[in-house]
file final-v9.tsv (TSV, C-alpha atoms)
chain	number	residue	atom	x	y	z
A	1	MET	CA	-30.73	-25.80	-3.34
A	2	LYS	CA	-31.64	-25.18	-6.95
A	3	ALA	CA	-32.67	-21.66	-6.02
A	4	LYS	CA	-29.39	-21.02	-4.27
A	5	PHE	CA	-27.48	-22.42	-7.22
A	6	LEU	CA	-29.32	-20.25	-9.72
A	7	VAL	CA	-28.96	-17.12	-7.64
A	8	MET	CA	-25.25	-17.69	-7.10
A	9	LEU	CA	-24.91	-18.27	-10.83
A	10	ALA	CA	-26.58	-14.96	-11.51
A	11	VAL	CA	-24.63	-13.02	-8.93
A	12	ILE	CA	-21.22	-14.51	-9.49
A	13	GLY	CA	-21.16	-15.88	-12.98
A	14	VAL	CA	-22.66	-13.06	-14.98
A	15	HIS	CA	-21.03	-10.13	-13.22
A	16	SER	CA	-18.97	-8.35	-15.82
A	17	VAL	CA	-15.41	-7.63	-14.71
A	18	PRO	CA	-12.06	-7.67	-16.45
A	19	VAL	CA	-10.17	-10.92	-16.81
A	20	LEU	CA	-7.22	-10.28	-14.58
A	21	ALA	CA	-3.75	-10.88	-15.82
A	22	HIS	CA	-0.61	-11.20	-13.82
A	23	HIS	CA	1.67	-13.62	-15.61
A	24	SER	CA	1.54	-15.56	-18.83
A	25	PHE	CA	-1.08	-18.31	-18.64
A	26	ALA	CA	0.53	-20.25	-21.47
A	27	ALA	CA	3.93	-20.23	-19.79
A	28	GLU	CA	2.58	-22.09	-16.79
A	29	PHE	CA	-0.54	-23.97	-17.86
A	30	ASP	CA	-1.56	-26.01	-20.87
A	31	ALA	CA	-5.03	-25.12	-22.14
A	32	ASP	CA	-4.98	-28.41	-24.06
A	33	SER	CA	-4.60	-30.44	-20.86
A	34	PRO	CA	-7.98	-30.14	-19.15
A	35	ILE	CA	-8.41	-31.41	-15.60
A	36	GLU	CA	-11.53	-32.50	-13.74
A	37	LEU	CA	-10.93	-33.14	-10.06
A	38	THR	CA	-13.12	-33.82	-7.05
A	39	GLY	CA	-11.69	-33.56	-3.57
A	40	ILE	CA	-11.69	-32.01	-0.13
A	41	VAL	CA	-10.27	-28.52	0.42
A	42	THR	CA	-7.25	-28.73	2.73
A	43	LYS	CA	-5.94	-25.15	2.53
A	44	VAL	CA	-6.89	-21.79	1.04
A	45	GLU	CA	-4.33	-19.05	0.36
A	46	TRP	CA	-6.44	-15.91	-0.15
A	47	MET	CA	-3.44	-13.94	-1.37
A	48	ASN	CA	-1.97	-11.94	-4.27
A	49	PRO	CA	-1.19	-12.16	-7.07
A	50	HIS	CA	-3.24	-15.37	-7.20
A	51	THR	CA	-5.43	-17.13	-4.72
A	52	PHE	CA	-4.53	-20.79	-4.36
A	53	PHE	CA	-6.51	-23.60	-2.83
A	54	TYR	CA	-5.44	-27.17	-2.23
A	55	ILE	CA	-7.54	-30.30	-2.41
A	56	ASP	CA	-6.98	-33.93	-1.45
A	57	VAL	CA	-8.02	-36.12	-4.35
A	58	GLU	CA	-8.47	-39.87	-3.88
A	59	LYS	CA	-6.62	-42.01	-6.38
A	60	GLU	CA	-7.80	-45.37	-7.70
A	61	ASN	CA	-5.58	-47.21	-5.21
A	62	GLY	CA	-7.23	-45.41	-2.31
A	63	GLU	CA	-4.32	-43.10	-1.58
A	64	TYR	CA	-4.71	-39.33	-1.65
A	65	GLU	CA	-2.73	-36.74	-3.53
A	66	ASN	CA	-2.80	-33.01	-2.83
A	67	TRP	CA	-3.40	-30.69	-5.78
A	68	ALA	CA	-2.61	-26.96	-5.85
A	69	LEU	CA	-5.12	-24.95	-7.85
A	70	GLU	CA	-4.73	-21.34	-8.94
A	71	LEU	CA	-7.47	-18.71	-8.98
A	72	GLY	CA	-7.51	-14.97	-9.68
A	73	SER	CA	-6.40	-12.31	-7.21
A	74	PRO	CA	-8.63	-11.54	-4.20
A	75	ASN	CA	-9.56	-8.10	-5.59
A	76	GLY	CA	-10.65	-9.63	-8.90
A	77	LEU	CA	-12.53	-12.45	-7.20
A	78	MET	CA	-14.33	-10.04	-4.87
A	79	ARG	CA	-15.51	-8.05	-7.88
A	80	ARG	CA	-16.98	-11.34	-9.09
A	81	GLY	CA	-18.86	-11.82	-5.84
A	82	TRP	CA	-16.44	-14.01	-3.91
A	83	THR	CA	-15.44	-13.51	-0.29
A	84	ARG	CA	-12.50	-15.01	1.56
A	85	ASN	CA	-14.95	-17.59	2.93
A	86	SER	CA	-16.42	-18.70	-0.38
A	87	LEU	CA	-14.10	-21.69	-0.21
A	88	ARG	CA	-13.40	-23.22	3.19
A	89	ILE	CA	-11.29	-26.07	4.49
A	90	GLY	CA	-13.39	-29.23	4.44
A	91	ASN	CA	-15.55	-28.23	1.45
A	92	VAL	CA	-15.99	-31.00	-1.06
A	93	VAL	CA	-15.50	-29.47	-4.48
A	94	SER	CA	-15.45	-30.45	-8.13
A	95	VAL	CA	-13.00	-28.45	-10.18
A	96	THR	CA	-12.50	-28.02	-13.91
A	97	GLY	CA	-9.49	-26.24	-15.32
A	98	SER	CA	-6.12	-26.68	-16.99
A	99	ARG	CA	-3.10	-28.63	-15.80
A	100	ALA	CA	0.37	-27.15	-15.34
A	101	ARG	CA	2.70	-27.64	-18.30
A	102	ASP	CA	5.13	-29.31	-15.93
A	103	GLY	CA	3.35	-32.64	-15.62
A	104	SER	CA	5.45	-33.58	-12.60
A	105	LEU	CA	3.52	-31.03	-10.56
A	106	LEU	CA	0.07	-31.63	-9.08
A	107	LYS	CA	-0.92	-28.15	-10.07
A	108	GLY	CA	-3.58	-26.51	-12.19
A	109	ASN	CA	-5.54	-23.38	-12.96
A	110	ALA	CA	-9.16	-23.70	-11.82
A	111	ARG	CA	-11.75	-22.33	-14.22
A	112	SER	CA	-14.87	-23.24	-12.29
A	113	ILE	CA	-15.64	-24.89	-8.97
A	114	VAL	CA	-18.84	-26.60	-7.88
A	115	LEU	CA	-19.38	-27.04	-4.16
A	116	SER	CA	-21.15	-30.12	-2.85
A	117	ASN	CA	-24.30	-28.02	-2.26
A	118	GLY	CA	-24.42	-27.12	-5.94
A	119	VAL	CA	-23.08	-23.58	-5.64
A	120	ARG	CA	-20.88	-22.83	-8.62
A	121	LEU	CA	-17.98	-20.40	-8.32
A	122	PHE	CA	-16.27	-18.94	-11.35
A	123	ASN	CA	-12.67	-17.92	-11.32
A	124	GLY	CA	-11.28	-14.54	-12.25
A	125	THR	CA	-8.67	-16.55	-14.07
A	126	ASN	CA	-5.64	-15.21	-15.81
A	127	GLN	CA	-6.36	-17.44	-18.78
A	128	ILE	CA	-6.36	-15.47	-21.97
A	129	ASN	CA	-9.76	-15.25	-23.56
A	130	PRO	CA	-9.11	-13.99	-27.08
A	131	ASN	CA	-12.65	-12.69	-27.31
A	132	LEU	CA	-12.30	-10.55	-24.21
A	133	ALA	CA	-8.69	-9.58	-24.04
A	134	GLU	CA	-8.63	-6.95	-26.72
A	135	LEU	CA	-12.08	-5.49	-26.18
A	136	PRO	CA	-12.75	-2.49	-23.98
A	137	GLN	CA	-13.76	-4.10	-20.70
B	1	MET	CA	-40.67	-26.87	-4.15
B	2	SER	CA	-42.40	-25.16	-7.04
B	3	ARG	CA	-42.73	-22.03	-4.91
B	4	ILE	CA	-39.00	-22.12	-4.20
B	5	LEU	CA	-38.30	-22.56	-7.86
B	6	THR	CA	-40.62	-19.70	-8.76
B	7	THR	CA	-38.92	-17.48	-6.19
B	8	ALA	CA	-35.57	-18.51	-7.57
B	9	ILE	CA	-36.60	-17.71	-11.11
B	10	ILE	CA	-37.94	-14.32	-10.04
B	11	MET	CA	-34.70	-13.58	-8.18
B	12	VAL	CA	-32.64	-14.67	-11.14
B	13	LEU	CA	-34.76	-12.60	-13.50
B	14	PHE	CA	-34.38	-9.65	-11.11
B	15	SER	CA	-30.61	-10.13	-11.09
B	16	PHE	CA	-30.54	-10.36	-14.87
B	17	ALA	CA	-32.83	-7.34	-15.13
B	18	LYS	CA	-30.47	-5.41	-12.89
B	19	ILE	CA	-27.48	-6.49	-14.95
B	20	THR	CA	-29.33	-5.81	-18.20
B	21	ALA	CA	-30.31	-2.39	-16.87
B	22	THR	CA	-26.66	-1.67	-16.13
B	23	ALA	CA	-25.69	-2.87	-19.60
B	24	GLN	CA	-28.45	-0.77	-21.09
B	25	GLN	CA	-27.26	2.19	-19.08
B	26	ASN	CA	-23.77	1.62	-20.44
B	27	THR	CA	-25.15	1.50	-23.96
B	28	GLU	CA	-27.07	4.69	-23.36
B	29	THR	CA	-24.09	6.42	-21.88
B	30	ALA	CA	-22.10	5.40	-24.92
B	31	LYS	CA	-24.68	7.15	-27.08
B	32	GLU	CA	-25.47	10.07	-24.82
B	33	ALA	CA	-22.74	10.12	-22.24
B	34	PRO	CA	-22.73	12.97	-19.74
B	35	PRO	CA	-20.41	15.80	-20.77
B	36	THR	CA	-16.76	16.02	-19.80
B	37	PRO	CA	-16.60	17.05	-16.14
B	38	ARG	CA	-14.53	20.14	-15.34
B	39	LEU	CA	-12.83	21.62	-12.31
B	40	ALA	CA	-13.81	25.06	-11.01
B	41	ASP	CA	-11.19	26.74	-13.21
B	42	GLY	CA	-12.46	24.99	-16.34
B	43	THR	CA	-9.69	22.36	-16.53
B	44	VAL	CA	-10.83	18.88	-17.55
B	45	ASP	CA	-11.52	16.83	-14.43
B	46	LEU	CA	-9.96	13.39	-14.84
B	47	GLY	CA	-11.57	12.09	-11.66
B	48	GLY	CA	-15.00	11.73	-10.08
B	49	ASP	CA	-16.87	9.19	-7.99
B	50	GLY	CA	-15.44	6.14	-9.68
B	51	VAL	CA	-12.39	4.58	-11.28
B	52	TRP	CA	-11.02	4.03	-14.78
B	53	ARG	CA	-11.44	0.42	-15.83
B	54	LEU	CA	-8.18	-0.14	-17.66
B	55	PRO	CA	-8.35	-2.64	-20.53
B	56	TRP	CA	-5.86	-5.43	-21.06
B	57	ILE	CA	-3.73	-4.26	-23.97
B	58	ARG	CA	-1.63	-7.31	-24.65
B	59	TYR	CA	-0.04	-6.33	-27.95
B	60	PHE	CA	0.78	-2.72	-28.74
B	61	SER	CA	1.16	-3.86	-32.36
B	62	LYS	CA	-2.64	-4.23	-32.54
B	63	HIS	CA	-3.22	-0.66	-31.42
B	64	ILE	CA	-0.93	1.30	-33.71
B	65	VAL	CA	-2.29	4.60	-34.93
B	66	GLY	CA	-1.95	4.88	-38.69
B	67	GLY	CA	-4.19	2.26	-40.14
B	68	GLN	CA	-4.10	-1.48	-40.61
B	69	ASP	CA	-0.88	-1.40	-42.58
B	70	ALA	CA	1.04	0.29	-39.78
B	71	GLU	CA	3.75	-1.92	-38.35
B	72	VAL	CA	6.10	-1.76	-35.41
B	73	PRO	CA	9.32	-0.15	-36.75
B	74	PHE	CA	11.60	-2.75	-35.18
B	75	LEU	CA	15.36	-2.63	-35.18
B	76	GLY	CA	16.93	-6.05	-35.72
B	77	TRP	CA	17.47	-6.85	-32.05
B	78	THR	CA	14.00	-5.81	-30.89
B	79	LYS	CA	12.44	-7.91	-33.67
B	80	ALA	CA	14.54	-10.90	-32.65
B	81	MET	CA	13.76	-10.42	-28.96
B	82	HIS	CA	10.07	-10.05	-29.71
B	83	GLU	CA	10.14	-13.38	-31.57
B	84	TYR	CA	12.11	-15.00	-28.75
B	85	ASN	CA	9.68	-13.72	-26.12
B	86	ALA	CA	6.77	-15.13	-28.13
B	87	SER	CA	8.59	-18.48	-28.39
B	88	THR	CA	8.80	-18.73	-24.59
B	89	ASN	CA	5.11	-17.86	-24.09
B	90	VAL	CA	6.37	-14.58	-22.60
B	91	ALA	CA	7.44	-16.50	-19.51
B	92	TYR	CA	10.04	-13.90	-18.56
B	93	ASP	CA	7.68	-10.91	-18.66
B	94	PRO	CA	8.80	-8.60	-15.83
B	95	GLU	CA	5.17	-8.10	-14.76
B	96	GLY	CA	5.04	-11.82	-14.01
B	97	PHE	CA	7.82	-11.13	-11.50
B	98	CYS	CA	5.58	-8.48	-9.89
B	99	LEU	CA	7.79	-5.68	-11.21
B	100	PRO	CA	6.08	-2.42	-12.24
B	101	PRO	CA	4.71	-2.15	-15.78
B	102	GLY	CA	6.45	1.12	-16.74
B	103	GLY	CA	4.70	4.19	-18.13
B	104	PRO	CA	2.44	3.37	-21.10
B	105	ARG	CA	1.87	-0.26	-20.14
B	106	ALA	CA	0.41	0.85	-16.81
B	107	PHE	CA	-2.60	2.14	-18.80
B	108	GLY	CA	-2.99	-1.28	-20.46
B	109	THR	CA	-2.74	-3.47	-17.36
B	110	PRO	CA	-6.29	-4.57	-16.51
B	111	TYR	CA	-6.86	-3.32	-13.00
B	112	PRO	CA	-8.57	0.03	-12.19
B	113	ALA	CA	-6.81	3.39	-11.88
B	114	GLU	CA	-7.58	6.82	-10.50
B	115	PHE	CA	-6.28	10.36	-11.21
B	116	LEU	CA	-5.66	12.83	-8.39
B	117	GLN	CA	-5.30	16.38	-9.72
B	118	GLN	CA	-3.44	18.89	-7.60
B	119	HIS	CA	-2.42	22.40	-8.58
B	120	ASP	CA	1.21	21.51	-9.23
B	121	ARG	CA	1.06	17.81	-10.15
B	122	ILE	CA	-1.16	14.94	-11.18
B	123	ILE	CA	-0.87	11.58	-9.44
B	124	VAL	CA	-2.19	8.45	-11.14
B	125	ILE	CA	-2.79	5.54	-8.78
B	126	PHE	CA	-2.81	2.10	-10.34
B	127	GLU	CA	-4.32	-0.81	-8.45
B	128	GLY	CA	-2.43	-3.27	-10.64
B	129	GLY	CA	1.20	-3.46	-11.66
B	130	ALA	CA	2.13	-4.05	-8.04
B	131	HIS	CA	0.07	-1.24	-6.50
B	132	VAL	CA	2.03	1.63	-8.04
B	133	TRP	CA	1.58	5.29	-8.89
B	134	ARG	CA	2.89	7.83	-11.37
B	135	GLU	CA	3.68	11.43	-10.59
B	136	ILE	CA	3.34	14.03	-13.36
B	137	HIS	CA	4.81	17.43	-12.60
B	138	MET	CA	2.52	20.24	-13.81
B	139	ASP	CA	4.54	23.21	-12.47
B	140	GLY	CA	6.47	23.96	-15.64
B	141	ARG	CA	9.73	22.34	-14.58
B	142	SER	CA	12.12	20.67	-17.02
B	143	HIS	CA	13.52	17.16	-16.91
B	144	PRO	CA	16.73	16.75	-14.85
B	145	GLU	CA	19.85	16.73	-16.98
B	146	ARG	CA	22.62	14.15	-17.32
B	147	ASP	CA	23.32	12.15	-14.15
B	148	ALA	CA	20.68	14.04	-12.20
B	149	LEU	CA	18.19	11.96	-14.18
B	150	ASN	CA	18.05	8.63	-12.39
B	151	PRO	CA	16.55	5.88	-14.59
B	152	THR	CA	13.40	4.45	-12.99
B	153	TYR	CA	10.45	2.24	-13.91
B	154	PHE	CA	8.17	5.19	-14.60
B	155	GLY	CA	10.81	7.75	-15.58
B	156	HIS	CA	10.50	11.49	-15.04
B	157	SER	CA	7.22	12.99	-16.23
B	158	VAL	CA	6.31	16.62	-16.90
B	159	GLY	CA	2.84	17.53	-18.07
B	160	ARG	CA	0.90	20.42	-19.52
B	161	TRP	CA	-2.59	21.09	-20.81
B	162	GLU	CA	-3.06	22.03	-24.44
B	163	ASP	CA	-6.71	22.98	-24.71
B	164	ASN	CA	-8.45	19.85	-23.44
B	165	THR	CA	-5.53	17.48	-23.89
B	166	LEU	CA	-3.15	16.50	-21.11
B	167	ILE	CA	0.29	16.00	-22.64
B	168	ILE	CA	2.83	14.05	-20.60
B	169	ASP	CA	6.46	14.04	-21.64
B	170	THR	CA	8.56	11.33	-19.99
B	171	ILE	CA	12.22	10.33	-20.16
B	172	GLY	CA	14.52	8.57	-17.71
B	173	TYR	CA	13.05	5.09	-17.98
B	174	ASN	CA	15.17	2.13	-16.90
B	175	GLU	CA	15.42	-0.99	-19.08
B	176	LYS	CA	13.68	-3.35	-16.67
B	177	THR	CA	10.25	-3.29	-18.28
B	178	TRP	CA	8.66	-4.41	-21.52
B	179	LEU	CA	6.44	-2.03	-23.44
B	180	ASP	CA	3.67	-4.63	-23.43
B	181	TYR	CA	2.74	-8.18	-22.45
B	182	GLY	CA	3.68	-9.35	-25.96
B	183	GLY	CA	7.37	-8.65	-25.37
B	184	HIS	CA	8.13	-5.43	-27.25
B	185	MET	CA	11.31	-4.21	-25.60
B	186	HIS	CA	12.94	-0.81	-25.19
B	187	THR	CA	16.13	0.88	-24.03
B	188	ASP	CA	16.83	3.65	-21.55
B	189	GLN	CA	16.69	6.08	-24.48
B	190	LEU	CA	12.91	5.63	-24.38
B	191	HIS	CA	11.00	8.90	-24.56
B	192	THR	CA	7.21	8.81	-24.45
B	193	ILE	CA	4.75	11.56	-25.25
B	194	GLU	CA	1.32	10.66	-23.94
B	195	ARG	CA	-1.86	12.49	-24.88
B	196	ILE	CA	-4.91	12.01	-22.69
B	197	THR	CA	-8.38	13.40	-23.37
B	198	ARG	CA	-11.77	12.86	-21.76
B	199	PRO	CA	-14.26	13.39	-24.60
B	200	ASP	CA	-17.17	12.65	-22.27
B	201	ARG	CA	-17.61	11.57	-18.68
B	202	ASN	CA	-17.40	7.88	-19.46
B	203	THR	CA	-14.42	7.79	-21.81
B	204	LEU	CA	-10.73	8.44	-21.52
B	205	HIS	CA	-8.79	8.37	-24.76
B	206	TYR	CA	-5.18	7.35	-24.22
B	207	GLU	CA	-2.47	7.76	-26.82
B	208	THR	CA	1.29	7.50	-26.54
B	209	THR	CA	4.12	8.03	-28.98
B	210	ILE	CA	7.12	5.78	-28.42
B	211	ILE	CA	10.43	7.33	-29.34
B	212	ASP	CA	13.42	5.06	-28.79
B	213	PRO	CA	16.25	5.22	-31.32
B	214	GLY	CA	17.95	2.37	-29.46
B	215	ALA	CA	15.07	0.01	-30.20
B	216	TYR	CA	12.92	1.34	-33.08
B	217	ARG	CA	13.69	2.91	-36.46
B	218	GLU	CA	11.23	5.75	-35.98
B	219	PRO	CA	8.63	6.97	-33.50
B	220	TRP	CA	5.36	5.02	-33.43
B	221	THR	CA	2.09	5.71	-31.72
B	222	VAL	CA	-0.47	3.46	-30.04
B	223	ALA	CA	-3.90	4.39	-28.67
B	224	TRP	CA	-6.95	2.94	-26.95
B	225	ASP	CA	-10.04	3.98	-25.02
B	226	ILE	CA	-10.55	3.47	-21.30
B	227	LYS	CA	-14.02	3.26	-19.78
B	228	TRP	CA	-15.25	4.94	-16.60
B	229	SER	CA	-16.76	2.82	-13.84
B	230	GLU	CA	-19.03	5.05	-11.77
B	231	GLY	CA	-19.20	4.34	-8.05
B	232	GLN	CA	-16.36	1.79	-8.04
B	233	GLU	CA	-13.31	2.03	-5.81
B	234	LEU	CA	-9.73	0.85	-5.93
B	235	ALA	CA	-8.80	-2.26	-3.96
B	236	GLU	CA	-5.47	-3.35	-2.55
B	237	TYR	CA	-3.24	-5.50	-4.73
B	238	VAL	CA	0.19	-6.33	-3.34
B	239	CYS	CA	1.49	-8.58	-6.07
B	240	GLN	CA	4.65	-9.62	-4.22
B	241	GLU	CA	2.70	-11.34	-1.45
B	242	ASN	CA	2.69	-14.93	-2.72
B	243	ASN	CA	4.04	-15.11	-6.26
B	244	LYS	CA	4.20	-18.88	-6.70
B	245	PHE	CA	4.69	-18.47	-10.45
B	246	LEU	CA	8.35	-17.79	-9.78
B	247	LEU	CA	8.80	-20.89	-7.63
B	248	ASP	CA	8.11	-23.22	-10.54
B	249	LEU	CA	9.51	-21.04	-13.35
B	250	LYS	CA	12.18	-22.82	-15.38
B	251	ASP	CA	14.75	-21.31	-17.71
B	252	ASP	CA	15.26	-22.34	-21.33
B	253	PHE	CA	17.36	-25.31	-20.21
B	254	GLY	CA	14.74	-26.65	-17.82
B	255	LYS	CA	16.57	-25.46	-14.71
B	256	PRO	CA	14.80	-23.51	-11.93
B	257	PHE	CA	14.91	-19.82	-12.70
B	258	PHE	CA	15.77	-19.10	-9.08
B	259	GLU	CA	18.06	-21.32	-7.05
B	260	LYS	CA	16.95	-22.07	-3.53
B	261	THR	CA	19.47	-21.10	-0.90
B	262	PRO	CA	20.57	-23.96	1.38
B	263	ASP	CA	18.78	-22.59	4.44
B	264	ALA	CA	15.55	-21.78	2.62
B	265	ASN	CA	12.46	-23.65	3.71

call {"tool": "encode", "arguments": {"input": "final-v9.tsv", "output": "structure tokens"}}
result
Amino acid sequence: MKAKFLVMLAVIGVHSVPVLAHHSFAAEFDADSPIELTGIVTKVEWMNPHTFFYIDVEKENGEYENWALELGSPNGLMRRGWTRNSLRIGNVVSVTGSRARDGSLLKGNARSIVLSNGVRLFNGTNQINPNLAELPQ
Amino acid sequence: MSRILTTAIIMVLFSFAKITATAQQNTETAKEAPPTPRLADGTVDLGGDGVWRLPWIRYFSKHIVGGQDAEVPFLGWTKAMHEYNASTNVAYDPEGFCLPPGGPRAFGTPYPAEFLQQHDRIIVIFEGGAHVWREIHMDGRSHPERDALNPTYFGHSVGRWEDNTLIIDTIGYNEKTWLDYGGHMHTDQLHTIERITRPDRNTLHYETTIIDPGAYREPWTVAWDIKWSEGQELAEYVCQENNKFLLDLKDDFGKPFFEKTPDAN
């Protein structure tokens, strides 16, 4: 498992591709509102301009709530080593990212995802990285 | 277990070595890049077995030609609108609505692009900006006059070669785009003169002069380099497919930007 994790890290995480940008990150998400969620994938929308996946997260009272989490576009993710089957319904995942500015929504931008088998997937997020954005990519 | 770990480490090192080799190759090509490729007639070849990896140019103001003191020559309304757009986190950027980027911004939208050179025109295909293309007439024609010029997202472009520089003159832009992500606006008086060179195989130098008396006091010029990505191909990117950003977008008063129609699901 460790081997698989390390290899996936090397293949997916270090691959150098542009940070894709479709809409303003700051208009929709709050970089100062980090989220850490663990849940079961209920749906994957492998679509443009952003892939979305949805997870059921158990609350303290035992009920579940369904979160929508944004990723990069399929073309950007594929250049990072993803396929449309990297995330599948039923996967248990841990997600870190940023919550939507509208706190009434169960919505966020996923920065990284760890599957239950340890494989880590990095997002081709639209979050602005000031160190990358203005450099030749 | 230790054997698995050793194998993993070797594989990781191999992956890193491969990546490092690529990085090293890039460094080498920066120092000793292959020469500018040319077509059979000697014209600069803007293509090859690869794509141009367009950078993300968020703020034209950071790429002005003319030194660090150069500033955007705003008129009052464009300065005010630029400040307003910044205050809304550029939420109303037309590209966020999956509308095309317009001429110069297309070269600063971070998805790959490709040039197709034909004898009478050059087509530039952009993966991003909603899967769009630009057509540059190279047959010596003039721009259409008066109402024959229909304002469009990319305007009407005529091009010519001056030595090794492709010069593209464009008018006829509509007012539905921003010049950049940062919210510099323009009018339909916009006239751009783009200069494109390929100093070596791996570099495209892009420069454009922005002339718009309806929005700026005087012409101003921005420039940046674009890197070649050998062996890469364009992918499909149909931005309009599932643009959820618009579903939750609110206006300045907190109301939904788009009203749902009664029969909408």

call {"tool": "atom_distance", "arguments": {"input": "final-v9.tsv", "atom1": "CA of Gly90 in chain A", "atom2": "CA of Val57 in chain A"}}
result
12.4 Å

call {"tool": "residues_around", "arguments": {"input": "final-v9.tsv", "residues": "Asn123 in chain A", "least_positions_apart": "2", "cutoff": "8 Å", "atoms": "only C-alpha atoms", "output": "PyMOL selection string"}}
result
chain A and resi 71-72+77+110-113+121+125

call {"tool": "write_last_selection", "arguments": {"input": "final-v9.tsv", "atoms": "C-alpha atoms", "output": "PDB file, keeping the file's coordinate frame"}}
result
ATOM      1  CA  LEU A  71      -7.470 -18.710  -8.980  1.00  0.00           C
ATOM      2  CA  GLY A  72      -7.510 -14.970  -9.680  1.00  0.00           C
ATOM      3  CA  LEU A  77     -12.530 -12.450  -7.200  1.00  0.00           C
ATOM      4  CA  ALA A 110      -9.160 -23.700 -11.820  1.00  0.00           C
ATOM      5  CA  ARG A 111     -11.750 -22.330 -14.220  1.00  0.00           C
ATOM      6  CA  SER A 112     -14.870 -23.240 -12.290  1.00  0.00           C
ATOM      7  CA  ILE A 113     -15.640 -24.890  -8.970  1.00  0.00           C
ATOM      8  CA  LEU A 121     -17.980 -20.400  -8.320  1.00  0.00           C
ATOM      9  CA  THR A 125      -8.670 -16.550 -14.070  1.00  0.00           C
TER      10      THR A 125
END

call {"tool": "closest_residue", "arguments": {"input": "final-v9.tsv", "among": "B:Tyr216, B:Trp224, B:Phe107, B:Phe253", "to": "chain A", "atoms": "all atoms listed in the file"}}
result
B:Trp224

call {"tool": "closest_residue", "arguments": {"input": "final-v9.tsv", "among": "A:Glu70, A:Phe53, A:Thr38, A:Glu60", "to": "Arg99 in chain A", "atoms": "only C-alpha atoms"}}
result
A:Glu70

call {"tool": "closest_residue", "arguments": {"input": "final-v9.tsv", "among": "B:Tyr153, B:Trp220, B:Trp133, B:Phe97", "to": "His22 in chain A", "atoms": "only C-alpha atoms"}}
result
B:Phe97

call {"tool": "atom_distance", "arguments": {"input": "final-v9.tsv", "atom1": "CA of Val222 in chain B", "atom2": "CA of Leu116 in chain B"}}
result
24.2 Å

call {"tool": "residues_around", "arguments": {"input": "final-v9.tsv", "residues": "Val72 in chain B", "least_positions_apart": "6", "cutoff": "10 Å", "atoms": "all atoms listed in the file", "output": "CSV table (one decimal) with C-alpha atoms, in the coordinates of the input"}}
result
chain,number,residue,atom,x,y,z
B,60,PHE,CA,0.8,-2.7,-28.7
B,61,SER,CA,1.2,-3.9,-32.4
B,62,LYS,CA,-2.6,-4.2,-32.5
B,64,ILE,CA,-0.9,1.3,-33.7
B,78,THR,CA,14.0,-5.8,-30.9
B,79,LYS,CA,12.4,-7.9,-33.7
B,184,HIS,CA,8.1,-5.4,-27.2
B,216,TYR,CA,12.9,1.3,-33.1
B,217,ARG,CA,13.7,2.9,-36.5
B,218,GLU,CA,11.2,5.8,-36.0
B,219,PRO,CA,8.6,7.0,-33.5
B,220,TRP,CA,5.4,5.0,-33.4
B,221,THR,CA,2.1,5.7,-31.7
B,222,VAL,CA,-0.5,3.5,-30.0

call {"tool": "residues_around", "arguments": {"input": "final-v9.tsv", "residues": "Thr203 in chain B", "least_positions_apart": "2", "cutoff": "9 Å", "atoms": "only C-alpha atoms", "output": "list in words"}}
result
Ala30, Ala33, Thr36, Trp52, Thr197, Arg198, Pro199, Asp200, Arg201, His205, Asp225, Ile226, Lys227 and Trp228 of chain B

call {"tool": "closest_residue", "arguments": {"input": "final-v9.tsv", "among": "A:Ile40, A:Val93, A:Leu115, A:Ala100", "to": "chain B", "atoms": "all atoms listed in the file"}}
result
A:Ala100

call {"tool": "residues_around", "arguments": {"input": "final-v9.tsv", "residues": "Glu162 in chain B", "least_positions_apart": "3", "cutoff": "12 Å", "atoms": "only C-alpha atoms", "output": "mmCIF file with C-alpha atoms, in the frame of the given file"}}
result
data_model
loop_
_atom_site.group_PDB
_atom_site.id
_atom_site.type_symbol
_atom_site.label_atom_id
_atom_site.label_comp_id
_atom_site.auth_asym_id
_atom_site.auth_seq_id
_atom_site.Cartn_x
_atom_site.Cartn_y
_atom_site.Cartn_z
ATOM 1 C CA THR B 43 -9.690 22.360 -16.530
ATOM 2 C CA VAL B 44 -10.830 18.880 -17.550
ATOM 3 C CA GLY B 159 2.840 17.530 -18.070
ATOM 4 C CA THR B 165 -5.530 17.480 -23.890
ATOM 5 C CA LEU B 166 -3.150 16.500 -21.110
ATOM 6 C CA ILE B 167 0.290 16.000 -22.640
ATOM 7 C CA ILE B 168 2.830 14.050 -20.600
ATOM 8 C CA ARG B 195 -1.860 12.490 -24.880
ATOM 9 C CA ILE B 196 -4.910 12.010 -22.690
ATOM 10 C CA THR B 197 -8.380 13.400 -23.370
#

call {"tool": "closest_residue", "arguments": {"input": "final-v9.tsv", "among": "B:Glu233, B:Glu83, B:Glu127, B:Asp120", "to": "Asp139 in chain B", "atoms": "all atoms listed in the file"}}
result
B:Asp120

call {"tool": "residues_around", "arguments": {"input": "final-v9.tsv", "residues": "Pro110 in chain B", "least_positions_apart": "4", "cutoff": "6 Å", "atoms": "all atoms listed in the file", "output": "mmCIF file with C-alpha atoms, keeping the file's coordinate frame"}}
result
data_model
loop_
_atom_site.group_PDB
_atom_site.id
_atom_site.type_symbol
_atom_site.label_atom_id
_atom_site.label_comp_id
_atom_site.auth_asym_id
_atom_site.auth_seq_id
_atom_site.Cartn_x
_atom_site.Cartn_y
_atom_site.Cartn_z
ATOM 1 C CA LEU B 54 -8.180 -0.140 -17.660
ATOM 2 C CA PRO B 55 -8.350 -2.640 -20.530
ATOM 3 C CA TRP B 56 -5.860 -5.430 -21.060
#

call {"tool": "atom_distance", "arguments": {"input": "final-v9.tsv", "atom1": "CA of Trp178 in chain B", "atom2": "CA of Gly140 in chain B"}}
result
29.1 Å
